[in-house]
Amino acid sequence: MATTSNVLHFADRWEDAATIRGDLPAQIHGDTVIGWTEFNRRANGIATAMLDAGVAQQDKVAQYFHNGTEYLQGVFASFKASLVPVNTNYRYTDDELVYLWDNADAAVVMFGEEFTDNVDRIRDRLPKVKLWLRSGDAAECPDWASDWDAAAAAGTDDNVVGPWGRSEGDRWFLYTGGTTGMPKGVMWDNETLVQICSRNHPVPLVPGVDLDAWRAAVTEVGENATRGLPGAPLMHGTGHITAIGQLLQGGCIVTLPSRKLDVELMLDTCHTHRVNALVIVGDAFARPILAALDAEPDRWDLSSLMLMVSSGAMWSQPVKERLLDHIPQMIIFDSLGSSEAVGMGNSYSSKASISTTAKFELGESAVVITEDGRRVEPGSGDIGKVGVVGLMPLGYYKDEVKTAATFPTIDGVRYSLPGDFATVEADGTITLLGRGSVCINTGGEKVFPEEVEETLKTHPDIVDAIAVGVPDERFGQAIVAVVEPTAGTDPDEASVIAHVKQTLASYKAPRRILPVPSLTRAPNGKIDYKRWTSHARSELGIAEN
């Protein structure tokens, strides 16, 4: 049995789970099934390889993978050796990778074979890296890298701990690009993150928890442990945090071999492996899933699917309603959160009760704070930043200025206020307005793009939309919508603008509607406002500044 000295530490708890779960599945990826015992052994092997390379306590470990078994094995190995996992966006260019890994002080880079050429081009620019650990075909592993499978296969049942031991203060970094500026490393510690990830468990892991009761709960589920499928990339917080939380229950994480959104494969996998919880990214995933279910409603048996989760992107009410028509037993959990603040707001929908788009119940630790430091009173109409108190990150790595701005202390209370604006309704729910950095100021009125976008997407001829501000002589900025039409349609500009005005104040309606074949989104559902603002300016003949 693993040491119990670090109650709130992922490695200690996962080692306990491995002892309890044995050969029951911890990971499924395509046709590959890895039991908990093997999951633990492989992590021991990877941890040993990193320690043998001469890493120091709390050195940083960059993970440059698509979704697959390696990702969580690498996290497990890092936590075992008291090292810091660092996510890496696999869409980054060479310069962005160098910036990220240099900023994080990465001592180890673990990466998939498909990224070998990318890494080779930049490795001489990263002198702090002590070990390049590559997964894939061993025969093609370059001499400057070590083979992942060889290291993992050397692992045994003896749990690896670095010479410095472990601490509940051991860190986990989540790099986030945000809407402006270079990526920032959000620093979480194990003690905080374990508590957040286990909030809804039968026995939550909190200070003073009865570990015997927790172990009994992990044992009791037997072969019925939750099988979760993070459809979102593990490199982003939504997929990653839900995955590591499910492992704290002794569950199984199912990942997809596809490197792009393939909803048919996703539904096939839910059917075949009896997935219980599916993690998506709002409408960016939900609309294609719905289209597949509409086209072939009898193709998949989704009776095992009890929960669909999203965070960080809009998920519109009509789409939720229609998904529940296909999967009536399911609960929809729409979470308002960010890399810096988990649990700001929650929205639950079921067949009996559908939540309204962009409306959330305030989480138990959530607050909405005005610019002058007051809590927004329900029904006051005031606008503030939504955030949390209590369990939150330590700050941004090596950036005291941004840490002070995002994590202010007001009247002796420390807050995490990432920048999302909201109002608090009279019934205590919050209505999300959007991120201040992309707020549009038109005629002195502040308009948050998400509010306009969600209204646009309720038009039958529009499947996706983005609202941006462009220069306007009269109003300072004018709202322009770039829209992706529903297949086979050609949205009428006047009709779309009138549709928005039926729901929102007239000043919030776009002045122009610009159709495009596709609104490209990142794997986490986020969209590049800068790119589409430039597109709108170009289409309208407005010169760049």
# chains A, B, ... in the order shown; residues from 1 in each chain; ligands from 1
>>> select_by_dssp(residues="range 202-413 of chain A", states="helix (DSSP H, G or I)", output="PyMOL selection string")
chain A and resi 211-220+222-224+237-247+263-272+282-295+317-326+400-406
>>> residues_around(residues="Thr503 in chain A", least_positions_apart="2", cutoff="12 Å", atoms="only C-alpha atoms", output="number ranges by chain")
A: 451-456, 458-459, 496-501, 505-509
>>> residues_around(residues="Thr370 in chain A", least_positions_apart="6", cutoff="9 Å", atoms="only C-alpha atoms", output="list in words")
Val376, Asp382, Ile383, Gly384, Lys385 and Val386 of chain A
>>> closest_residue(among="A:Leu432, A:Ile331, A:Leu174, A:Ala145", to="Thr88 in chain A", atoms="only C-alpha atoms")
A:Leu174
>>> residues_around(residues="Val309 in chain A", least_positions_apart="3", cutoff="10 Å", atoms="only C-alpha atoms", output="CSV table (one decimal) with N, CA and C atoms, in the first residue's frame")
chain,number,residue,atom,x,y,z
A,230,PRO,N,-12.8,11.9,-22.3
A,230,PRO,CA,-12.5,13.4,-22.6
A,230,PRO,C,-12.4,13.6,-24.1
A,231,GLY,N,-13.5,14.1,-24.7
A,231,GLY,CA,-13.5,14.4,-26.1
A,231,GLY,C,-12.6,15.6,-26.4
A,238,THR,N,-10.3,21.6,-19.5
A,238,THR,CA,-11.5,20.9,-19.4
A,238,THR,C,-11.4,19.4,-19.4
A,239,GLY,N,-10.7,18.9,-20.5
A,239,GLY,CA,-10.5,17.4,-20.6
A,239,GLY,C,-9.6,16.9,-19.5
A,242,THR,N,-11.1,16.9,-15.7
A,242,THR,CA,-12.1,15.9,-15.5
A,242,THR,C,-11.5,14.5,-15.5
A,277,ALA,N,-19.5,9.0,-18.9
A,277,ALA,CA,-19.4,10.5,-18.8
A,277,ALA,C,-18.6,10.9,-20.1
A,278,LEU,N,-19.1,11.9,-20.8
A,278,LEU,CA,-18.5,12.4,-22.0
A,278,LEU,C,-18.2,13.9,-21.8
A,279,VAL,N,-17.0,14.3,-22.0
A,279,VAL,CA,-16.6,15.7,-21.9
A,279,VAL,C,-16.4,16.3,-23.2
A,280,ILE,N,-17.2,17.4,-23.5
A,280,ILE,CA,-17.1,18.1,-24.7
A,280,ILE,C,-16.8,19.5,-24.5
A,281,VAL,N,-16.8,20.3,-25.6
A,281,VAL,CA,-16.6,21.8,-25.5
A,281,VAL,C,-17.8,22.5,-26.2
A,282,GLY,N,-18.8,22.7,-25.4
A,282,GLY,CA,-20.0,23.5,-25.8
A,282,GLY,C,-20.5,23.1,-27.2
A,331,ILE,N,-27.7,13.6,-17.7
A,331,ILE,CA,-27.7,14.9,-17.1
A,331,ILE,C,-26.6,15.7,-17.9
A,332,ILE,N,-26.9,16.9,-18.2
A,332,ILE,CA,-26.0,17.8,-18.8
A,332,ILE,C,-25.5,18.8,-17.8
A,333,PHE,N,-24.1,18.9,-17.7
A,333,PHE,CA,-23.5,19.7,-16.7
A,333,PHE,C,-22.6,20.7,-17.5
A,334,ASP,N,-23.1,22.0,-17.4
A,334,ASP,CA,-22.4,23.0,-18.1
A,334,ASP,C,-21.7,23.9,-17.1
A,335,SER,N,-20.4,23.9,-17.1
A,335,SER,CA,-19.6,24.6,-16.0
A,335,SER,C,-19.0,25.8,-16.5
A,348,TYR,N,-27.2,22.8,-14.6
A,348,TYR,CA,-27.6,21.5,-14.8
A,348,TYR,C,-28.8,21.4,-15.7
>>> atom_distance(atom1="CA of Thr423 in chain A", atom2="CA of Glu377 in chain A")
8.9 Å
>>> residues_around(residues="Gly165 in chain A", least_positions_apart="2", cutoff="12 Å", atoms="only C-alpha atoms", output="JSON list (two decimals) with C-alpha atoms, in the first residue's frame")
[["chain", "number", "residue", "atom", "x", "y", "z"],
["A", 3, "THR", "CA", 2.30, 5.90, 1.83],
["A", 5, "SER", "CA", 1.57, 10.79, 4.43],
["A", 6, "ASN", "CA", 0.42, 12.84, 1.45],
["A", 9, "HIS", "CA", -1.53, 14.01, -3.60],
["A", 11, "ALA", "CA", 0.44, 9.99, -6.99],
["A", 12, "ASP", "CA", -0.31, 8.61, -3.53],
["A", 56, "ALA", "CA", 15.76, 18.03, -9.52],
["A", 57, "GLN", "CA", 12.77, 18.34, -7.22],
["A", 58, "GLN", "CA", 9.90, 20.25, -8.88],
["A", 79, "PHE", "CA", 3.77, 13.39, -9.70],
["A", 80, "LYS", "CA", 5.50, 10.23, -8.45],
["A", 81, "ALA", "CA", 8.92, 11.90, -8.76],
["A", 82, "SER", "CA", 7.74, 15.27, -7.39],
["A", 83, "LEU", "CA", 8.05, 16.90, -10.81],
["A", 159, "ASN", "CA", 6.47, 2.72, -6.46],
["A", 160, "VAL", "CA", 9.04, 5.33, -7.39],
["A", 161, "VAL", "CA", 9.66, 8.31, -5.14],
["A", 162, "GLY", "CA", 12.41, 10.87, -5.68],
["A", 163, "PRO", "CA", 15.13, 11.26, -3.04],
["A", 167, "SER", "CA", 4.64, 17.06, -0.81],
["A", 168, "GLU", "CA", 0.99, 18.07, -1.06],
["A", 169, "GLY", "CA", 2.42, 21.37, -2.28],
["A", 170, "ASP", "CA", 3.84, 19.71, -5.41]]
>>> residues_around(residues="Phe39 in chain A", least_positions_apart="5", cutoff="10 Å", atoms="only C-alpha atoms", output="PyMOL selection string")
chain A and resi 14-15+18+22-23+25-27+33-34+44+69-70+72-73+76-77+152+155
